[in-house]
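Inspection log for the structure reproduced underneath, given as structure tokens.
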Amino acid sequence: MFELPSLPYEKEVLEPVISKRTLDFHYGKHHQKYVNTLNDLIEGTEFEGASLEDIIKKSKGPTFNNAAQVWNHTFYWKCMDSASKESSPSDALAKAIKDQWGSLKDFQEEFSKSATSLFGSGWVWLVQKEDGSLAIFQGQNAENPMSEGHNPVLTCDVWEHAYYLDYQNARAEYVKKFWDVVNWDFVSAQFEKK
Ligand SMILES: [Fe+2]
């Protein structure tokens with residue numbers, strides 16, 4: 001049985017970028033629902049007892065969607081922390097970003113553009129490809145870059161439930177503010193893990 005992992009901070013910590021009310025629903029209701037549905041779906045199947053990563057790599061349809069949504073949300077919470085906690089990309093990540101996009105600002109602009117232009121629901125990721133280079137990966141719905149063999153480094157949830165209570169339909173505004181709460185220490189560690 002999968003359980004909802006605890007949040008790495010209190011629910012008001014991301015304010016004013018993301019409100020406690022959004023986390024009450026997004027973490028408390030949506031993330032929890034994906035966990036519950038996944039448990040129901042895998043009961044008595046070959047996936048009972050498998051790791052979340054294995055289920056993501058091997059399943060399709062509703063099982064994939066719910067497993068990936070569980071993983072994606074857990075990763076998304078870790079990608080953020082209080083805006084008052086200053087962090088910046090590690091030297092290694094900063095260099096890789098500079099090599100790929102010219103500067104951190106240029107990368108952020110590209111990532112934001114990708115997050116804003118994604119049609120419908122999904123996730124935008126910074127990934128490290130198998131050759132070690134960085135790329136922006138735009139994923140529809142529950143899509144997870146591990147399915148393509150990429151290493152996830154950073155993600156932004158652009159499903160409406162991530163921002164509607166705080167920004168209504170202004171996704172671009174949410175994405176702009178998202179950078180204030182990115183936890184570069186966690187993100188850098190994902191890059192260096194590879
Ligand atoms: Fe979400």
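Each chain of the structure tokens is named A, B, ... in the order shown, its residues numbered from 1; ligands are numbered from 1 in display order.
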All residues having an atom within 8 Å of ligand 1 (only C-alpha atoms and all ligand atoms) as a list of chain:residue names: A:His26, A:Tyr27, A:His30, A:His31, A:Gln69, A:His73, A:Asp157, A:Val158, A:Trp159, A:Glu160, A:His161, A:Ala162
Long-range neighbours of segment 145-148 of chain A as a ChimeraX atom specification, 10 Å cut-off, only C-alpha atoms, 2 positions minimum in chain: /A:53,56-58,68,72,123-130,137-139,142-143,150-153
Would you mind exporting the chosen residues as an mmCIF file, in the first residue's frame, restricted to N, CA, C and O atoms?
data_model
loop_
_atom_site.group_PDB
_atom_site.id
_atom_site.type_symbol
_atom_site.label_atom_id
_atom_site.label_comp_id
_atom_site.auth_asym_id
_atom_site.auth_seq_id
_atom_site.Cartn_x
_atom_site.Cartn_y
_atom_site.Cartn_z
ATOM 1 N N GLU A 53 8.408 3.641 -9.073
ATOM 2 C CA GLU A 53 9.186 3.839 -10.304
ATOM 3 C C GLU A 53 8.945 2.684 -11.284
ATOM 4 O O GLU A 53 8.812 2.907 -12.479
ATOM 5 N N ILE A 56 5.561 3.063 -12.851
ATOM 6 C CA ILE A 56 5.590 4.127 -13.868
ATOM 7 C C ILE A 56 6.218 3.611 -15.166
ATOM 8 O O ILE A 56 5.730 3.883 -16.259
ATOM 9 N N LYS A 57 7.284 2.847 -15.048
ATOM 10 C CA LYS A 57 7.984 2.369 -16.244
ATOM 11 C C LYS A 57 7.222 1.257 -16.970
ATOM 12 O O LYS A 57 7.363 1.092 -18.178
ATOM 13 N N LYS A 58 6.428 0.483 -16.242
ATOM 14 C CA LYS A 58 5.822 -0.702 -16.862
ATOM 15 C C LYS A 58 4.322 -0.637 -17.105
ATOM 16 O O LYS A 58 3.780 -1.491 -17.814
ATOM 17 N N ALA A 68 2.125 7.892 -11.769
ATOM 18 C CA ALA A 68 2.953 9.028 -12.163
ATOM 19 C C ALA A 68 2.519 10.289 -11.418
ATOM 20 O O ALA A 68 3.356 11.064 -10.956
ATOM 21 N N ASN A 72 5.037 12.444 -9.370
ATOM 22 C CA ASN A 72 5.257 13.820 -9.831
ATOM 23 C C ASN A 72 4.986 14.841 -8.720
ATOM 24 O O ASN A 72 5.744 15.793 -8.540
ATOM 25 N N TRP A 123 2.836 18.881 -16.955
ATOM 26 C CA TRP A 123 4.007 19.208 -16.147
ATOM 27 C C TRP A 123 5.130 19.668 -17.072
ATOM 28 O O TRP A 123 5.295 19.101 -18.160
ATOM 29 N N VAL A 124 5.908 20.644 -16.612
ATOM 30 C CA VAL A 124 7.101 21.021 -17.364
ATOM 31 C C VAL A 124 8.309 20.678 -16.503
ATOM 32 O O VAL A 124 8.302 20.893 -15.292
ATOM 33 N N TRP A 125 9.290 20.087 -17.146
ATOM 34 C CA TRP A 125 10.434 19.533 -16.417
ATOM 35 C C TRP A 125 11.756 20.064 -16.962
ATOM 36 O O TRP A 125 11.882 20.286 -18.175
ATOM 37 N N LEU A 126 12.720 20.189 -16.076
ATOM 38 C CA LEU A 126 14.115 20.275 -16.491
ATOM 39 C C LEU A 126 14.624 18.853 -16.315
ATOM 40 O O LEU A 126 14.464 18.264 -15.229
ATOM 41 N N VAL A 127 15.176 18.284 -17.379
ATOM 42 C CA VAL A 127 15.662 16.912 -17.300
ATOM 43 C C VAL A 127 17.114 16.827 -17.765
ATOM 44 O O VAL A 127 17.602 17.690 -18.495
ATOM 45 N N GLN A 128 17.740 15.754 -17.322
ATOM 46 C CA GLN A 128 19.079 15.439 -17.776
ATOM 47 C C GLN A 128 18.940 14.193 -18.646
ATOM 48 O O GLN A 128 18.387 13.177 -18.204
ATOM 49 N N LYS A 129 19.350 14.323 -19.878
ATOM 50 C CA LYS A 129 19.217 13.196 -20.801
ATOM 51 C C LYS A 129 20.334 12.179 -20.548
ATOM 52 O O LYS A 129 21.266 12.433 -19.804
ATOM 53 N N GLU A 130 20.209 11.037 -21.204
ATOM 54 C CA GLU A 130 21.190 9.975 -20.947
ATOM 55 C C GLU A 130 22.612 10.388 -21.298
ATOM 56 O O GLU A 130 23.562 9.908 -20.696
ATOM 57 N N PHE A 137 11.452 19.475 -20.838
ATOM 58 C CA PHE A 137 10.550 18.408 -21.264
ATOM 59 C C PHE A 137 9.130 18.821 -20.906
ATOM 60 O O PHE A 137 8.818 19.082 -19.745
ATOM 61 N N GLN A 138 8.282 18.918 -21.933
ATOM 62 C CA GLN A 138 6.891 19.312 -21.717
ATOM 63 C C GLN A 138 6.038 18.049 -21.705
ATOM 64 O O GLN A 138 5.979 17.343 -22.712
ATOM 65 N N GLY A 139 5.434 17.746 -20.570
ATOM 66 C CA GLY A 139 4.669 16.498 -20.447
ATOM 67 C C GLY A 139 3.183 16.742 -20.298
ATOM 68 O O GLY A 139 2.756 17.512 -19.442
ATOM 69 N N ALA A 142 -0.232 13.202 -16.996
ATOM 70 C CA ALA A 142 0.619 12.660 -15.927
ATOM 71 C C ALA A 142 2.022 12.323 -16.407
ATOM 72 O O ALA A 142 2.828 11.792 -15.646
ATOM 73 N N GLU A 143 2.320 12.602 -17.656
ATOM 74 C CA GLU A 143 3.585 12.158 -18.259
ATOM 75 C C GLU A 143 4.798 12.406 -17.357
ATOM 76 O O GLU A 143 4.896 13.444 -16.711
ATOM 77 N N HIS A 150 14.906 9.844 -19.163
ATOM 78 C CA HIS A 150 15.531 11.076 -18.673
ATOM 79 C C HIS A 150 15.551 11.101 -17.139
ATOM 80 O O HIS A 150 14.686 10.513 -16.494
ATOM 81 N N ASN A 151 16.506 11.847 -16.595
ATOM 82 C CA ASN A 151 16.582 12.042 -15.147
ATOM 83 C C ASN A 151 15.870 13.352 -14.792
ATOM 84 O O ASN A 151 16.302 14.414 -15.221
ATOM 85 N N PRO A 152 14.774 13.298 -14.003
ATOM 86 C CA PRO A 152 14.076 14.531 -13.639
ATOM 87 C C PRO A 152 14.923 15.387 -12.691
ATOM 88 O O PRO A 152 15.483 14.872 -11.726
ATOM 89 N N VAL A 153 15.013 16.681 -12.986
ATOM 90 C CA VAL A 153 15.831 17.589 -12.172
ATOM 91 C C VAL A 153 14.948 18.623 -11.467
ATOM 92 O O VAL A 153 15.156 18.951 -10.298
#
Write out as a tab-separated table (two decimals) with all heavy atoms, in the first residue's frame which residues come within 9 Å of Ala92 of chain A when counting only C-alpha atoms, dropping same-chain ones fewer than 6 positions away.
chain	number	residue	atom	x	y	z
A	188	SER	N	19.61	20.98	-7.52
A	188	SER	CA	21.02	20.72	-7.83
A	188	SER	C	21.41	19.30	-7.45
A	188	SER	O	22.19	18.64	-8.15
A	188	SER	CB	21.92	21.71	-7.08
A	188	SER	OG	21.61	23.03	-7.45
A	191	PHE	N	20.48	16.88	-10.10
A	191	PHE	CA	21.39	16.94	-11.23
A	191	PHE	C	22.67	16.18	-10.93
A	191	PHE	O	23.17	15.41	-11.74
A	191	PHE	CB	21.70	18.42	-11.55
A	191	PHE	CG	22.76	18.60	-12.59
A	191	PHE	CD1	22.50	18.30	-13.93
A	191	PHE	CD2	24.02	19.08	-12.26
A	191	PHE	CE1	23.47	18.47	-14.90
A	191	PHE	CE2	24.99	19.24	-13.22
A	191	PHE	CZ	24.73	18.93	-14.54
A	192	GLU	N	23.17	16.37	-9.73
A	192	GLU	CA	24.43	15.72	-9.37
A	192	GLU	C	24.30	14.24	-9.09
A	192	GLU	O	25.29	13.52	-9.05
A	192	GLU	CB	25.07	16.47	-8.21
A	192	GLU	CG	25.87	17.65	-8.73
A	192	GLU	CD	25.85	18.87	-7.84
A	192	GLU	OE1	25.81	18.71	-6.62
A	192	GLU	OE2	25.86	19.98	-8.38
Between atom CA of Leu4 of chain A and atom CA of Leu165 of chain A - distance in Å to one decimal: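 Distance reported for this atom pair: 22.1 Å.
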All strand (DSSP E or B) positions in segment 29-193 of chain A, as JSON, numbers by chain: {"A": [80, 122, 123, 124, 125, 126, 127, 128, 134, 135, 136, 137, 138, 139, 140, 151, 152, 153, 154, 155, 156, 157, 182]}
Shell of 8 Å around Trp71 of chain A, only C-alpha atoms, local chain residues under 4 positions omitted, as a list in words: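 My list of contacting residues is Leu52, Glu53, Ala67 and Phe75 of chain A.
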Those of segment 1-79 of chain A in DSSP helix (DSSP H, G or I), formatted as a PyMOL selection string: chain A and resi 20-42+52-58+61-78
Write the residues you've just listed into a file as a PDB file, in the first residue's frame, and include C-alpha atoms for each of them.
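Saved result, selection_37.pdb, follows:
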ATOM      1  CA  LYS A  20      -2.069  27.192   2.389  1.00  0.00           C
ATOM      2  CA  ARG A  21      -5.559  26.874   0.873  1.00  0.00           C
ATOM      3  CA  THR A  22      -4.079  25.640  -2.402  1.00  0.00           C
ATOM      4  CA  LEU A  23      -1.965  23.109  -0.521  1.00  0.00           C
ATOM      5  CA  ASP A  24      -5.000  21.993   1.509  1.00  0.00           C
ATOM      6  CA  PHE A  25      -6.612  20.963  -1.775  1.00  0.00           C
ATOM      7  CA  HIS A  26      -3.629  20.178  -3.985  1.00  0.00           C
ATOM      8  CA  TYR A  27      -1.749  18.093  -1.433  1.00  0.00           C
ATOM      9  CA  GLY A  28      -4.561  17.113   0.932  1.00  0.00           C
ATOM     10  CA  LYS A  29      -7.185  16.211  -1.677  1.00  0.00           C
ATOM     11  CA  HIS A  30      -5.634  15.753  -5.146  1.00  0.00           C
ATOM     12  CA  HIS A  31      -2.343  14.092  -4.193  1.00  0.00           C
ATOM     13  CA  GLN A  32      -4.161  11.941  -1.611  1.00  0.00           C
ATOM     14  CA  LYS A  33      -6.738  10.891  -4.209  1.00  0.00           C
ATOM     15  CA  TYR A  34      -4.023   9.720  -6.621  1.00  0.00           C
ATOM     16  CA  VAL A  35      -2.527   7.597  -3.812  1.00  0.00           C
ATOM     17  CA  ASN A  36      -5.916   6.081  -2.914  1.00  0.00           C
ATOM     18  CA  THR A  37      -6.859   5.379  -6.537  1.00  0.00           C
ATOM     19  CA  LEU A  38      -3.477   3.788  -7.240  1.00  0.00           C
ATOM     20  CA  ASN A  39      -3.864   1.488  -4.245  1.00  0.00           C
ATOM     21  CA  ASP A  40      -7.319   0.432  -5.468  1.00  0.00           C
ATOM     22  CA  LEU A  41      -6.051  -0.149  -9.021  1.00  0.00           C
ATOM     23  CA  ILE A  42      -3.048  -2.307  -8.148  1.00  0.00           C
ATOM     24  CA  LEU A  52       6.375   3.412  -7.754  1.00  0.00           C
ATOM     25  CA  GLU A  53       9.186   3.839 -10.304  1.00  0.00           C
ATOM     26  CA  ASP A  54       8.643   0.305 -11.626  1.00  0.00           C
ATOM     27  CA  ILE A  55       4.916   0.882 -11.959  1.00  0.00           C
ATOM     28  CA  ILE A  56       5.590   4.127 -13.868  1.00  0.00           C
ATOM     29  CA  LYS A  57       7.984   2.369 -16.244  1.00  0.00           C
ATOM     30  CA  LYS A  58       5.822  -0.702 -16.862  1.00  0.00           C
ATOM     31  CA  GLY A  61      -3.661   3.747 -18.694  1.00  0.00           C
ATOM     32  CA  PRO A  62      -5.205   4.591 -15.306  1.00  0.00           C
ATOM     33  CA  THR A  63      -2.509   2.744 -13.312  1.00  0.00           C
ATOM     34  CA  PHE A  64       0.234   4.717 -15.056  1.00  0.00           C
ATOM     35  CA  ASN A  65      -1.666   7.989 -14.676  1.00  0.00           C
ATOM     36  CA  ASN A  66      -2.194   7.595 -10.944  1.00  0.00           C
ATOM     37  CA  ALA A  67       1.296   6.219 -10.204  1.00  0.00           C
ATOM     38  CA  ALA A  68       2.953   9.028 -12.163  1.00  0.00           C
ATOM     39  CA  GLN A  69       0.748  11.648 -10.512  1.00  0.00           C
ATOM     40  CA  VAL A  70       1.772  10.316  -7.074  1.00  0.00           C
ATOM     41  CA  TRP A  71       5.479  10.483  -8.000  1.00  0.00           C
ATOM     42  CA  ASN A  72       5.257  13.820  -9.831  1.00  0.00           C
ATOM     43  CA  HIS A  73       3.562  15.586  -6.919  1.00  0.00           C
ATOM     44  CA  THR A  74       6.024  14.236  -4.343  1.00  0.00           C
ATOM     45  CA  PHE A  75       8.865  15.495  -6.540  1.00  0.00           C
ATOM     46  CA  TYR A  76       7.163  18.872  -7.125  1.00  0.00           C
ATOM     47  CA  TRP A  77       6.776  19.563  -3.369  1.00  0.00           C
ATOM     48  CA  LYS A  78      10.483  18.881  -2.901  1.00  0.00           C
TER      49      LYS A  78
END
Selected residue of minimal separation from Val182 of chain A among A:Asp91, A:Asp81, A:Glu109, A:Glu46, counting only C-alpha atoms: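 When distances to Val182 of chain A are compared using only C-alpha atoms, the smallest one comes from A:Asp81.
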Residues within 7 Å of segment 166-172 of chain A, only C-alpha atoms, excluding chain neighbours under 5 positions, as a count of residues only: 3
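Minimum atom-to-atom distance to Phe107 of chain A, evaluated using only C-alpha atoms, belongs to A:Trp179 out of A:Ser90, A:Phe2, A:Trp179, A:Thr45.
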